[in-house]
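This is query.tsv (TSV, C-alpha atoms and all ligand atoms).
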chain	number	residue	atom	x	y	z
U	1	MET	CA	119.12	56.60	50.81
U	2	ALA	CA	120.88	59.33	52.67
U	3	TYR	CA	124.19	59.61	54.42
U	4	HIS	CA	122.56	59.37	57.87
U	5	GLY	CA	124.17	56.01	58.70
U	6	LEU	CA	127.57	57.58	58.08
U	7	MET	CA	127.08	59.99	60.98
U	8	MET	CA	128.37	57.29	63.35
U	9	PRO	CA	131.65	56.49	61.52
U	10	LEU	CA	132.04	60.15	60.60
U	11	ALA	CA	131.99	61.03	64.30
U	12	VAL	CA	134.75	58.44	64.90
U	13	TYR	CA	136.69	59.94	61.98
U	14	VAL	CA	136.30	63.51	63.35
U	15	PHE	CA	137.20	62.40	66.89
U	16	ARG	CA	140.40	60.73	65.65
U	17	ARG	CA	141.32	63.69	63.46
U	18	ASN	CA	140.78	66.05	66.37
U	19	LYS	CA	143.11	63.97	68.58
U	20	GLU	CA	145.70	63.75	65.79
U	21	THR	CA	145.85	67.46	64.94
U	22	GLY	CA	144.89	68.88	68.34
U	23	ALA	CA	142.74	71.47	66.55
U	24	PRO	CA	138.94	71.72	66.40
U	25	VAL	CA	137.64	69.96	63.29
U	26	THR	CA	135.80	72.35	60.98
U	27	ILE	CA	132.68	70.92	59.33
U	28	LEU	CA	130.42	72.44	56.67
U	29	GLU	CA	127.05	70.87	55.86
U	30	ILE	CA	125.17	72.15	52.81
U	31	GLY	CA	121.48	71.21	53.12
U	32	ILE	CA	120.13	70.56	56.61
U	33	ASP	CA	116.37	70.05	56.17
U	34	LYS	CA	115.02	68.48	59.39
U	35	GLY	CA	118.57	68.03	60.65
U	36	ILE	CA	118.58	64.24	60.85
U	37	GLY	CA	122.23	64.09	59.80
U	38	MET	CA	123.18	67.19	61.78
U	39	PHE	CA	121.56	66.19	65.09
U	40	ALA	CA	123.00	62.67	64.89
U	41	LEU	CA	126.48	64.00	64.09
U	42	LEU	CA	126.46	66.72	66.78
U	43	ASN	CA	125.15	64.28	69.38
U	44	ASN	CA	127.83	61.71	68.48
U	45	LEU	CA	130.59	64.33	68.54
U	46	ASN	CA	129.38	65.68	71.88
U	47	THR	CA	129.27	62.13	73.27
U	48	PHE	CA	132.87	61.54	72.13
U	49	ARG	CA	133.86	65.00	73.39
U	50	ALA	CA	135.49	65.77	70.07
U	51	SER	CA	136.34	69.41	69.55
U	52	TYR	CA	134.67	70.85	66.43
U	53	ARG	CA	133.11	73.83	64.67
U	54	TYR	CA	130.00	72.90	62.69
U	55	TYR	CA	128.61	75.30	60.07
U	56	GLY	CA	125.23	74.42	58.54
U	57	VAL	CA	123.71	76.19	55.53
U	58	ASP	CA	120.23	75.75	54.10
U	59	ILE	CA	118.35	77.91	51.63
U	60	GLU	CA	115.21	77.36	53.72
U	61	LEU	CA	116.15	76.76	57.33
U	62	LEU	CA	113.38	75.21	59.43
U	63	THR	CA	112.59	77.25	62.56
U	64	GLY	CA	112.32	74.11	64.70
U	65	VAL	CA	115.83	73.04	63.73
U	66	ARG	CA	117.31	76.40	64.71
U	67	GLU	CA	115.33	76.31	67.98
U	68	ALA	CA	116.48	72.79	68.89
U	69	VAL	CA	120.17	73.62	68.36
U	70	LYS	CA	119.72	76.60	70.70
U	71	TYR	CA	118.73	74.27	73.53
U	72	MET	CA	121.50	71.71	73.10
U	73	ILE	CA	124.37	71.58	75.58
U	74	PHE	CA	127.79	72.09	73.99
U	75	HIS	CA	131.17	71.62	75.62
U	76	PRO	CA	133.23	74.83	75.58
U	77	ASP	CA	135.39	73.61	72.69
U	78	CYS	CA	132.37	72.73	70.51
U	79	TRP	CA	130.27	75.07	68.43
U	80	ALA	CA	127.42	74.81	65.90
U	81	GLY	CA	126.06	77.67	63.82
U	82	LEU	CA	123.27	77.66	61.24
U	83	ARG	CA	122.66	80.06	58.39
U	84	GLU	CA	119.74	80.45	56.01
U	85	GLU	CA	121.39	81.08	52.66
U	86	ASP	CA	121.86	79.70	49.17
U	87	SER	CA	124.98	77.50	49.23
U	88	LEU	CA	126.40	79.35	46.22
U	89	VAL	CA	126.14	82.72	47.96
U	90	TYR	CA	127.58	81.22	51.15
U	91	LEU	CA	130.56	79.65	49.37
U	92	LYS	CA	131.23	82.82	47.38
U	93	ASN	CA	131.47	84.99	50.52
U	94	ASP	CA	133.02	82.44	52.87
U	95	ASP	CA	136.67	82.58	53.92
U	96	LYS	CA	136.94	79.50	56.12
U	97	ILE	CA	138.78	76.25	55.35
U	98	TYR	CA	136.96	73.03	56.23
U	99	ASP	CA	138.22	69.62	57.28
U	100	VAL	CA	134.91	67.95	56.42
U	101	VAL	CA	132.27	69.05	53.88
U	102	LEU	CA	128.86	67.40	53.53
U	103	VAL	CA	127.14	68.28	50.26
U	104	ASP	CA	123.40	67.54	50.44
U	105	GLY	CA	121.57	70.60	49.12
U	106	ASP	CA	120.08	71.04	45.66
U	107	HIS	CA	120.90	67.85	43.79
U	108	SER	CA	120.85	69.39	40.31
U	109	TYR	CA	123.89	69.40	38.03
U	110	GLU	CA	123.72	73.22	37.77
U	111	THR	CA	124.07	73.78	41.51
U	112	VAL	CA	126.39	70.92	42.45
U	113	SER	CA	128.81	71.75	39.64
U	114	GLN	CA	128.94	75.38	40.87
U	115	GLU	CA	129.51	74.16	44.43
U	116	CYS	CA	132.28	71.90	43.13
U	117	LYS	CA	133.94	74.86	41.38
U	118	MET	CA	133.97	76.89	44.61
U	119	LEU	CA	134.91	74.10	46.99
U	120	PRO	CA	138.65	74.00	46.14
U	121	ASN	CA	139.01	77.45	47.80
U	122	ARG	CA	137.42	76.16	51.00
U	123	ILE	CA	139.29	72.86	51.48
U	124	HIS	CA	142.82	71.55	52.03
U	125	LYS	CA	144.58	68.41	50.82
U	126	ASP	CA	143.22	66.32	53.72
U	127	THR	CA	139.62	67.47	53.57
U	128	LEU	CA	136.96	64.75	53.49
U	129	ILE	CA	133.94	65.52	51.29
U	130	LEU	CA	130.72	63.48	51.35
U	131	PHE	CA	128.42	63.93	48.39
U	132	ASP	CA	124.95	62.59	49.11
U	133	ASP	CA	122.92	60.94	46.35
U	134	TYR	CA	125.94	60.58	44.08
U	135	TYR	CA	123.92	58.25	41.90
U	136	GLY	CA	120.68	60.20	42.38
U	137	GLY	CA	119.56	63.72	41.62
U	138	LYS	CA	117.77	64.87	38.50
U	139	HIS	CA	119.21	63.12	35.42
U	140	GLY	CA	122.21	61.92	37.44
U	141	GLY	CA	123.40	65.51	37.87
U	142	VAL	CA	125.31	64.91	41.11
U	143	LYS	CA	127.40	62.15	39.55
U	144	ILE	CA	128.29	64.24	36.48
U	145	ALA	CA	129.27	67.24	38.64
U	146	VAL	CA	131.33	65.17	41.10
U	147	ASP	CA	133.08	63.27	38.31
U	148	GLU	CA	134.09	66.61	36.79
U	149	PHE	CA	135.39	67.72	40.20
U	150	LEU	CA	137.49	64.55	40.42
U	151	GLN	CA	138.88	65.13	36.94
U	152	HIS	CA	140.02	68.64	37.86
U	153	ASN	CA	141.29	67.74	41.34
U	154	LYS	CA	143.50	64.72	40.75
U	155	HIS	CA	144.71	64.63	44.35
U	156	PHE	CA	141.22	63.55	45.43
U	157	LYS	CA	140.00	59.98	45.05
U	158	ALA	CA	136.52	58.53	45.50
U	159	LEU	CA	135.19	55.80	47.74
U	160	ASN	CA	131.70	54.36	47.50
U	161	VAL	CA	130.63	54.25	51.12
U	162	ARG	CA	127.22	52.71	50.57
U	163	ALA	CA	128.06	50.01	53.10
U	164	GLY	CA	128.41	52.62	55.81
U	165	ALA	CA	125.38	54.61	54.77
U	166	THR	CA	121.82	54.40	56.02
U	167	ARG	CA	121.63	51.12	57.84
U	168	LEU	CA	119.79	48.69	55.65
U	169	PRO	CA	120.11	44.91	55.96
U	170	ALA	CA	122.78	43.66	53.53
U	171	GLU	CA	120.24	42.03	51.20
U	172	LEU	CA	118.32	45.30	50.85
U	173	GLN	CA	121.52	47.26	50.29
U	174	SER	CA	122.31	45.17	47.26
U	175	MET	CA	118.75	45.59	45.96
U	176	THR	CA	118.83	49.38	46.22
U	177	ALA	CA	122.42	49.83	45.03
U	178	PRO	CA	123.69	51.96	43.54
U	179	PHE	CA	120.79	54.43	43.69
U	180	GLU	CA	121.22	57.52	45.80
U	181	ALA	CA	124.33	56.18	47.50
U	182	PRO	CA	126.71	58.73	48.98
U	183	LEU	CA	130.26	59.08	47.69
U	184	ALA	CA	133.25	59.96	49.88
U	185	VAL	CA	135.98	62.06	48.28
U	186	GLY	CA	139.41	62.71	49.77
U	187	SER	CA	143.08	61.80	49.63
U	188	PRO	CA	143.86	58.05	49.80
U	189	GLU	CA	144.95	58.52	53.44
U	190	VAL	CA	141.71	60.29	54.35
U	191	LEU	CA	139.60	57.59	52.65
U	192	ASP	CA	141.56	54.90	54.51
U	193	ALA	CA	140.86	56.69	57.78
U	194	LEU	CA	137.14	56.88	56.93
U	195	SER	CA	137.08	53.17	56.05
U	196	ALA	CA	138.78	52.36	59.35
U	197	SER	CA	136.10	54.40	61.14
U	198	VAL	CA	133.33	52.54	59.28
U	199	ALA	CA	134.96	49.27	60.43
U	200	VAL	CA	135.02	50.46	64.05
U	201	ILE	CA	131.28	51.09	63.94
U	202	GLU	CA	130.50	47.87	62.09
U	203	LYS	CA	132.43	45.85	64.70
U	204	ASN	CA	131.00	47.69	67.69
U	205	ILE	CA	127.43	48.57	66.82
U	206	VAL	CA	126.40	51.35	69.12
U	207	SER	CA	123.24	52.46	67.32
U	208	ASN	CA	119.98	52.62	69.21
U	209	SER	CA	117.02	51.44	67.16
U	210	GLY	CA	114.70	53.54	69.31
U	211	LEU	CA	112.23	50.65	69.50
U	212	PRO	CA	110.78	49.70	72.90
G	1	LIG	C1	118.01	66.27	51.18
G	1	LIG	S1	117.74	67.66	52.18
G	1	LIG	C2	119.08	67.62	53.30
G	1	LIG	C3	119.01	66.46	54.27
G	1	LIG	C4	119.97	66.56	55.44
G	1	LIG	N1	121.35	66.71	55.02
G	1	LIG	C5	119.82	65.37	56.34
G	1	LIG	O1	120.85	64.86	56.83
G	1	LIG	O2	118.71	64.91	56.60
G	1	LIG	C6	118.16	68.98	51.12
G	1	LIG	C7	118.10	70.36	51.75
G	1	LIG	O3	118.87	71.23	50.91
G	1	LIG	C8	118.29	72.50	50.91
G	1	LIG	N2	118.75	73.21	49.70
G	1	LIG	C9	118.29	73.05	48.43
G	1	LIG	N3	118.97	73.86	47.61
G	1	LIG	C10	119.87	74.54	48.36
G	1	LIG	C11	120.84	75.53	48.09
G	1	LIG	N4	121.04	76.00	46.85
G	1	LIG	N5	121.58	76.00	49.11
G	1	LIG	C12	121.39	75.54	50.37
G	1	LIG	N6	120.48	74.61	50.68
G	1	LIG	C13	119.73	74.12	49.70
G	1	LIG	C14	116.79	72.24	50.98
G	1	LIG	O4	116.12	73.36	51.53
G	1	LIG	C15	116.73	70.99	51.87
G	1	LIG	O5	116.46	71.33	53.19
The structure given in the file should be rewritten as structure tokens.
Ligand SMILES: C[S@@+](CC[C@H](N)C(=O)[O-])C[C@H]1O[C@@H](n2cnc3c(N)ncnc32)[C@H](O)[C@@H]1O
Amino acid sequence: MAYHGLMMPLAVYVFRRNKETGAPVTILEIGIDKGIGMFALLNNLNTFRASYRYYGVDIELLTGVREAVKYMIFHPDCWAGLREEDSLVYLKNDDKIYDVVLVDGDHSYETVSQECKMLPNRIHKDTLILFDDYYGGKHGGVKIAVDEFLQHNKHFKALNVRAGATRLPAELQSMTAPFEAPLAVGSPEVLDALSASVAVIEKNIVSNSGLP
């Protein structure tokens, strides 16, 4: 499972946050691969005309992904930039503060726990963090690292957002649970806002199956 299905409610969440604060929403995604999550999110945000700054980092950025972003149309208050770099180097040298962080790079305990140690310098009290494959990764490394993060950052709570993740029929969701489900981390208010955005999407399904 991946967090792809969350790119619809996440876009609602970002749109609402943008309207609430009046400022562009800053988004960091660690691990882009073919850009399934990124393209869906950027397309949804552009459709909603939300104002945002998207920063994507991948240790091995695919040329086609960089090319495709170059040919997308962005509204003047929207921006997406990609960088080929190890997330740990990126986080060490970065000085930005993000409203949303998507962690989907190397799913080992060693890397995720290092990312989790650096993240507090890059977030604020109302940042939403999505950890993909919370229950996956080698030897459950993501879960151990994220649980440690939660222990050290008591302000942040966790919400299992499997229901809003990759769209599987309900009976299949229960069969695959809890493997590789994403976990949302944020303040109780932020998690409520995300849940409300999931509900908006579940009540008004706007997804296109792409089938003829
Ligand atoms: C599961 S894929 C990401 C999927 C993507 N988020 C999506 O929505 O489809 C993991 C990606 O993380 C990248 N990666 C692995 N280790 C990394 C690291 N230390 N820093 C940055 N990216 C890393 C890999 O190159 C790979 O493209």
*Grab me every residue within 8 Å of ligand LIG 1 (chain G), counting all atoms listed in the file, and send it over as a ChimeraX atom specification.*
/U:2-4,29-38,57-62,84-88,102-107,111
Would you save the residues of that selection, restricted to C-alpha atoms, as a PDB file, keeping the file's coordinate frame?
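File produced: again.pdb:
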ATOM      1  CA  ALA U   2     120.880  59.330  52.670  1.00  0.00           C
ATOM      2  CA  TYR U   3     124.190  59.610  54.420  1.00  0.00           C
ATOM      3  CA  HIS U   4     122.560  59.370  57.870  1.00  0.00           C
ATOM      4  CA  GLU U  29     127.050  70.870  55.860  1.00  0.00           C
ATOM      5  CA  ILE U  30     125.170  72.150  52.810  1.00  0.00           C
ATOM      6  CA  GLY U  31     121.480  71.210  53.120  1.00  0.00           C
ATOM      7  CA  ILE U  32     120.130  70.560  56.610  1.00  0.00           C
ATOM      8  CA  ASP U  33     116.370  70.050  56.170  1.00  0.00           C
ATOM      9  CA  LYS U  34     115.020  68.480  59.390  1.00  0.00           C
ATOM     10  CA  GLY U  35     118.570  68.030  60.650  1.00  0.00           C
ATOM     11  CA  ILE U  36     118.580  64.240  60.850  1.00  0.00           C
ATOM     12  CA  GLY U  37     122.230  64.090  59.800  1.00  0.00           C
ATOM     13  CA  MET U  38     123.180  67.190  61.780  1.00  0.00           C
ATOM     14  CA  VAL U  57     123.710  76.190  55.530  1.00  0.00           C
ATOM     15  CA  ASP U  58     120.230  75.750  54.100  1.00  0.00           C
ATOM     16  CA  ILE U  59     118.350  77.910  51.630  1.00  0.00           C
ATOM     17  CA  GLU U  60     115.210  77.360  53.720  1.00  0.00           C
ATOM     18  CA  LEU U  61     116.150  76.760  57.330  1.00  0.00           C
ATOM     19  CA  LEU U  62     113.380  75.210  59.430  1.00  0.00           C
ATOM     20  CA  GLU U  84     119.740  80.450  56.010  1.00  0.00           C
ATOM     21  CA  GLU U  85     121.390  81.080  52.660  1.00  0.00           C
ATOM     22  CA  ASP U  86     121.860  79.700  49.170  1.00  0.00           C
ATOM     23  CA  SER U  87     124.980  77.500  49.230  1.00  0.00           C
ATOM     24  CA  LEU U  88     126.400  79.350  46.220  1.00  0.00           C
ATOM     25  CA  LEU U 102     128.860  67.400  53.530  1.00  0.00           C
ATOM     26  CA  VAL U 103     127.140  68.280  50.260  1.00  0.00           C
ATOM     27  CA  ASP U 104     123.400  67.540  50.440  1.00  0.00           C
ATOM     28  CA  GLY U 105     121.570  70.600  49.120  1.00  0.00           C
ATOM     29  CA  ASP U 106     120.080  71.040  45.660  1.00  0.00           C
ATOM     30  CA  HIS U 107     120.900  67.850  43.790  1.00  0.00           C
ATOM     31  CA  THR U 111     124.070  73.780  41.510  1.00  0.00           C
TER      32      THR U 111
END
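Distance check against Lys143 of chain U using only C-alpha atoms: of U:Gln114, U:Tyr90, U:Lys157, U:Ser108, the minimum falls on U:Ser108.
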_Cys78 of chain U environment, 7 Å, all atoms listed in the file, sequence neighbours closer than 4 positions dropped, as a PyMOL selection string_ = chain U and resi 51-53+74
*What gap, in Å, lies between atom CA of Ala193 of chain U and atom CA of Arg122 of chain U?*
20.9 Å
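The nearest approach to Phe39 of chain U among the residues U:Glu148, U:Thr63, U:Ile27, U:Met7, with only C-alpha atoms taken into account, belongs to U:Met7.
Atom CA of Ser113 of chain U lies 14.0 Å from atom CA of Asp133 of chain U.
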*Could you jot down the atom CA of Asn153 of chain U to atom CA of Ala23 of chain U separation for me, Å, one decimal place?*
25.5 Å
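Among the candidate residues U:Tyr55, U:Pro120, U:Leu10, U:Arg83, the one lying nearest to Val161 of chain U is U:Leu10, with distances computed using all atoms listed in the file.
Nearest residue to Ser195 of chain U among U:Leu128, U:Val25, U:Val142, U:Leu150 is U:Leu128, counting only C-alpha atoms.
Here the question is which of U:Arg16, U:Gly64, U:Ile73, U:Ile97 gets nearest to Leu42 of chain U using only C-alpha atoms, and that residue is U:Ile73.
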*Nearest-residue call for Lys125 of chain U, choices U:Glu20, U:Glu67, U:Glu189, U:Asp147, using all atoms listed in the file*: U:Glu189
*asked:* Give me, as a ChimeraX atom specification, all polymer residues having an atom no more than 10 Å from Leu119 of chain U, counting all atoms listed in the file and skipping those fewer than 5 positions away in the same chain.
replied: /U:91-92,97-98,101,113-114,124,129,149
*Please work out which residues fall within 12 Å of (130.2, 60.9, 67.4), coordinates as given in the file, with all atoms listed in the file counting, and return them as JSON, numbers by chain.*
{"U": [5, 6, 7, 8, 9, 10, 11, 12, 13, 14, 15, 16, 18, 37, 38, 39, 40, 41, 42, 43, 44, 45, 46, 47, 48, 49, 50, 51, 52, 197, 200, 201, 206, 207]}
*May I have the residues within 8 Å of Pro188 of chain U as a list in words, using all atoms listed in the file and disregarding those fewer than 3 positions away in the same chain?*
Phe156, Lys157, Leu191 and Asp192 of chain U
*Distance query 8 Å from (131.3, 56.9, 49.5) using all atoms listed in the file, result as a ChimeraX atom specification*: /U:130-131,158-162,181-185
Please complete segment 15-50 of chain U so it has N, CA and C atoms, and hand it over as a PDB file, keeping the file's coordinate frame.
ATOM      1  N   PHE U  15     136.568  62.548  65.577  1.00  0.00           N
ATOM      2  CA  PHE U  15     137.200  62.400  66.890  1.00  0.00           C
ATOM      3  C   PHE U  15     138.692  62.095  66.732  1.00  0.00           C
ATOM      4  N   ARG U  16     138.993  61.128  65.842  1.00  0.00           N
ATOM      5  CA  ARG U  16     140.400  60.730  65.650  1.00  0.00           C
ATOM      6  C   ARG U  16     141.211  61.875  65.044  1.00  0.00           C
ATOM      7  N   ARG U  17     140.604  62.584  64.094  1.00  0.00           N
ATOM      8  CA  ARG U  17     141.320  63.690  63.460  1.00  0.00           C
ATOM      9  C   ARG U  17     141.603  64.794  64.483  1.00  0.00           C
ATOM     10  N   ASN U  18     140.623  65.040  65.327  1.00  0.00           N
ATOM     11  CA  ASN U  18     140.780  66.050  66.370  1.00  0.00           C
ATOM     12  C   ASN U  18     141.943  65.679  67.297  1.00  0.00           C
ATOM     13  N   LYS U  19     142.024  64.407  67.685  1.00  0.00           N
ATOM     14  CA  LYS U  19     143.110  63.970  68.580  1.00  0.00           C
ATOM     15  C   LYS U  19     144.454  64.075  67.864  1.00  0.00           C
ATOM     16  N   GLU U  20     144.452  63.756  66.570  1.00  0.00           N
ATOM     17  CA  GLU U  20     145.700  63.750  65.790  1.00  0.00           C
ATOM     18  C   GLU U  20     146.258  65.166  65.613  1.00  0.00           C
ATOM     19  N   THR U  21     145.381  66.105  65.260  1.00  0.00           N
ATOM     20  CA  THR U  21     145.850  67.460  64.940  1.00  0.00           C
ATOM     21  C   THR U  21     145.835  68.361  66.172  1.00  0.00           C
ATOM     22  N   GLY U  22     145.009  68.032  67.160  1.00  0.00           N
ATOM     23  CA  GLY U  22     144.890  68.880  68.340  1.00  0.00           C
ATOM     24  C   GLY U  22     144.068  70.136  68.086  1.00  0.00           C
ATOM     25  N   ALA U  23     143.533  70.276  66.882  1.00  0.00           N
ATOM     26  CA  ALA U  23     142.740  71.470  66.550  1.00  0.00           C
ATOM     27  C   ALA U  23     141.272  71.089  66.381  1.00  0.00           C
ATOM     28  N   PRO U  24     140.354  72.023  66.645  1.00  0.00           N
ATOM     29  CA  PRO U  24     138.940  71.720  66.400  1.00  0.00           C
ATOM     30  C   PRO U  24     138.740  71.371  64.928  1.00  0.00           C
ATOM     31  N   VAL U  25     137.908  70.375  64.665  1.00  0.00           N
ATOM     32  CA  VAL U  25     137.640  69.960  63.290  1.00  0.00           C
ATOM     33  C   VAL U  25     136.530  70.844  62.721  1.00  0.00           C
ATOM     34  N   THR U  26     136.788  71.451  61.574  1.00  0.00           N
ATOM     35  CA  THR U  26     135.800  72.350  60.980  1.00  0.00           C
ATOM     36  C   THR U  26     134.946  71.574  59.975  1.00  0.00           C
ATOM     37  N   ILE U  27     133.636  71.710  60.136  1.00  0.00           N
ATOM     38  CA  ILE U  27     132.680  70.920  59.330  1.00  0.00           C
ATOM     39  C   ILE U  27     131.681  71.867  58.678  1.00  0.00           C
ATOM     40  N   LEU U  28     131.473  71.694  57.380  1.00  0.00           N
ATOM     41  CA  LEU U  28     130.420  72.440  56.670  1.00  0.00           C
ATOM     42  C   LEU U  28     129.391  71.453  56.160  1.00  0.00           C
ATOM     43  N   GLU U  29     128.107  71.689  56.466  1.00  0.00           N
ATOM     44  CA  GLU U  29     127.050  70.870  55.860  1.00  0.00           C
ATOM     45  C   GLU U  29     126.171  71.785  55.001  1.00  0.00           C
ATOM     46  N   ILE U  30     126.051  71.418  53.735  1.00  0.00           N
ATOM     47  CA  ILE U  30     125.170  72.150  52.810  1.00  0.00           C
ATOM     48  C   ILE U  30     123.877  71.352  52.692  1.00  0.00           C
ATOM     49  N   GLY U  31     122.773  71.908  53.144  1.00  0.00           N
ATOM     50  CA  GLY U  31     121.480  71.210  53.120  1.00  0.00           C
ATOM     51  C   GLY U  31     121.242  70.518  54.444  1.00  0.00           C
ATOM     52  N   ILE U  32     120.363  71.099  55.260  1.00  0.00           N
ATOM     53  CA  ILE U  32     120.130  70.560  56.610  1.00  0.00           C
ATOM     54  C   ILE U  32     118.759  69.902  56.720  1.00  0.00           C
ATOM     55  N   ASP U  33     117.766  70.532  56.103  1.00  0.00           N
ATOM     56  CA  ASP U  33     116.370  70.050  56.170  1.00  0.00           C
ATOM     57  C   ASP U  33     115.962  69.869  57.626  1.00  0.00           C
ATOM     58  N   LYS U  34     115.481  68.688  58.003  1.00  0.00           N
ATOM     59  CA  LYS U  34     115.020  68.480  59.390  1.00  0.00           C
ATOM     60  C   LYS U  34     116.188  68.226  60.334  1.00  0.00           C
ATOM     61  N   GLY U  35     117.397  68.159  59.797  1.00  0.00           N
ATOM     62  CA  GLY U  35     118.570  68.030  60.650  1.00  0.00           C
ATOM     63  C   GLY U  35     118.855  66.614  61.118  1.00  0.00           C
ATOM     64  N   ILE U  36     118.341  65.627  60.406  1.00  0.00           N
ATOM     65  CA  ILE U  36     118.580  64.240  60.850  1.00  0.00           C
ATOM     66  C   ILE U  36     120.082  63.960  60.911  1.00  0.00           C
ATOM     67  N   GLY U  37     120.783  64.293  59.819  1.00  0.00           N
ATOM     68  CA  GLY U  37     122.230  64.090  59.800  1.00  0.00           C
ATOM     69  C   GLY U  37     122.908  64.966  60.838  1.00  0.00           C
ATOM     70  N   MET U  38     122.521  66.231  60.874  1.00  0.00           N
ATOM     71  CA  MET U  38     123.180  67.190  61.780  1.00  0.00           C
ATOM     72  C   MET U  38     123.012  66.803  63.248  1.00  0.00           C
ATOM     73  N   PHE U  39     121.764  66.509  63.664  1.00  0.00           N
ATOM     74  CA  PHE U  39     121.560  66.190  65.090  1.00  0.00           C
ATOM     75  C   PHE U  39     122.305  64.921  65.472  1.00  0.00           C
ATOM     76  N   ALA U  40     122.285  63.915  64.588  1.00  0.00           N
ATOM     77  CA  ALA U  40     123.000  62.670  64.890  1.00  0.00           C
ATOM     78  C   ALA U  40     124.497  62.955  65.028  1.00  0.00           C
ATOM     79  N   LEU U  41     125.035  63.724  64.070  1.00  0.00           N
ATOM     80  CA  LEU U  41     126.480  64.000  64.090  1.00  0.00           C
ATOM     81  C   LEU U  41     126.868  64.807  65.332  1.00  0.00           C
ATOM     82  N   LEU U  42     126.107  65.881  65.622  1.00  0.00           N
ATOM     83  CA  LEU U  42     126.460  66.720  66.780  1.00  0.00           C
ATOM     84  C   LEU U  42     126.359  65.914  68.068  1.00  0.00           C
ATOM     85  N   ASN U  43     125.310  65.092  68.172  1.00  0.00           N
ATOM     86  CA  ASN U  43     125.150  64.280  69.380  1.00  0.00           C
ATOM     87  C   ASN U  43     126.334  63.316  69.521  1.00  0.00           C
ATOM     88  N   ASN U  44     126.721  62.670  68.412  1.00  0.00           N
ATOM     89  CA  ASN U  44     127.830  61.710  68.480  1.00  0.00           C
ATOM     90  C   ASN U  44     129.135  62.419  68.845  1.00  0.00           C
ATOM     91  N   LEU U  45     129.355  63.599  68.247  1.00  0.00           N
ATOM     92  CA  LEU U  45     130.590  64.330  68.540  1.00  0.00           C
ATOM     93  C   LEU U  45     130.606  64.806  69.988  1.00  0.00           C
ATOM     94  N   ASN U  46     129.447  65.236  70.478  1.00  0.00           N
ATOM     95  CA  ASN U  46     129.380  65.680  71.880  1.00  0.00           C
ATOM     96  C   ASN U  46     129.596  64.502  72.830  1.00  0.00           C
ATOM     97  N   THR U  47     129.078  63.330  72.446  1.00  0.00           N
ATOM     98  CA  THR U  47     129.270  62.130  73.270  1.00  0.00           C
ATOM     99  C   THR U  47     130.749  61.755  73.340  1.00  0.00           C
ATOM    100  N   PHE U  48     131.423  61.863  72.187  1.00  0.00           N
ATOM    101  CA  PHE U  48     132.870  61.540  72.130  1.00  0.00           C
ATOM    102  C   PHE U  48     133.729  62.649  72.712  1.00  0.00           C
ATOM    103  N   ARG U  49     133.133  63.809  72.957  1.00  0.00           N
ATOM    104  CA  ARG U  49     133.860  65.000  73.390  1.00  0.00           C
ATOM    105  C   ARG U  49     134.943  65.388  72.384  1.00  0.00           C
ATOM    106  N   ALA U  50     134.584  65.279  71.116  1.00  0.00           N
ATOM    107  CA  ALA U  50     135.490  65.770  70.070  1.00  0.00           C
ATOM    108  C   ALA U  50     135.336  67.283  70.012  1.00  0.00           C
TER     109      ALA U  50
END
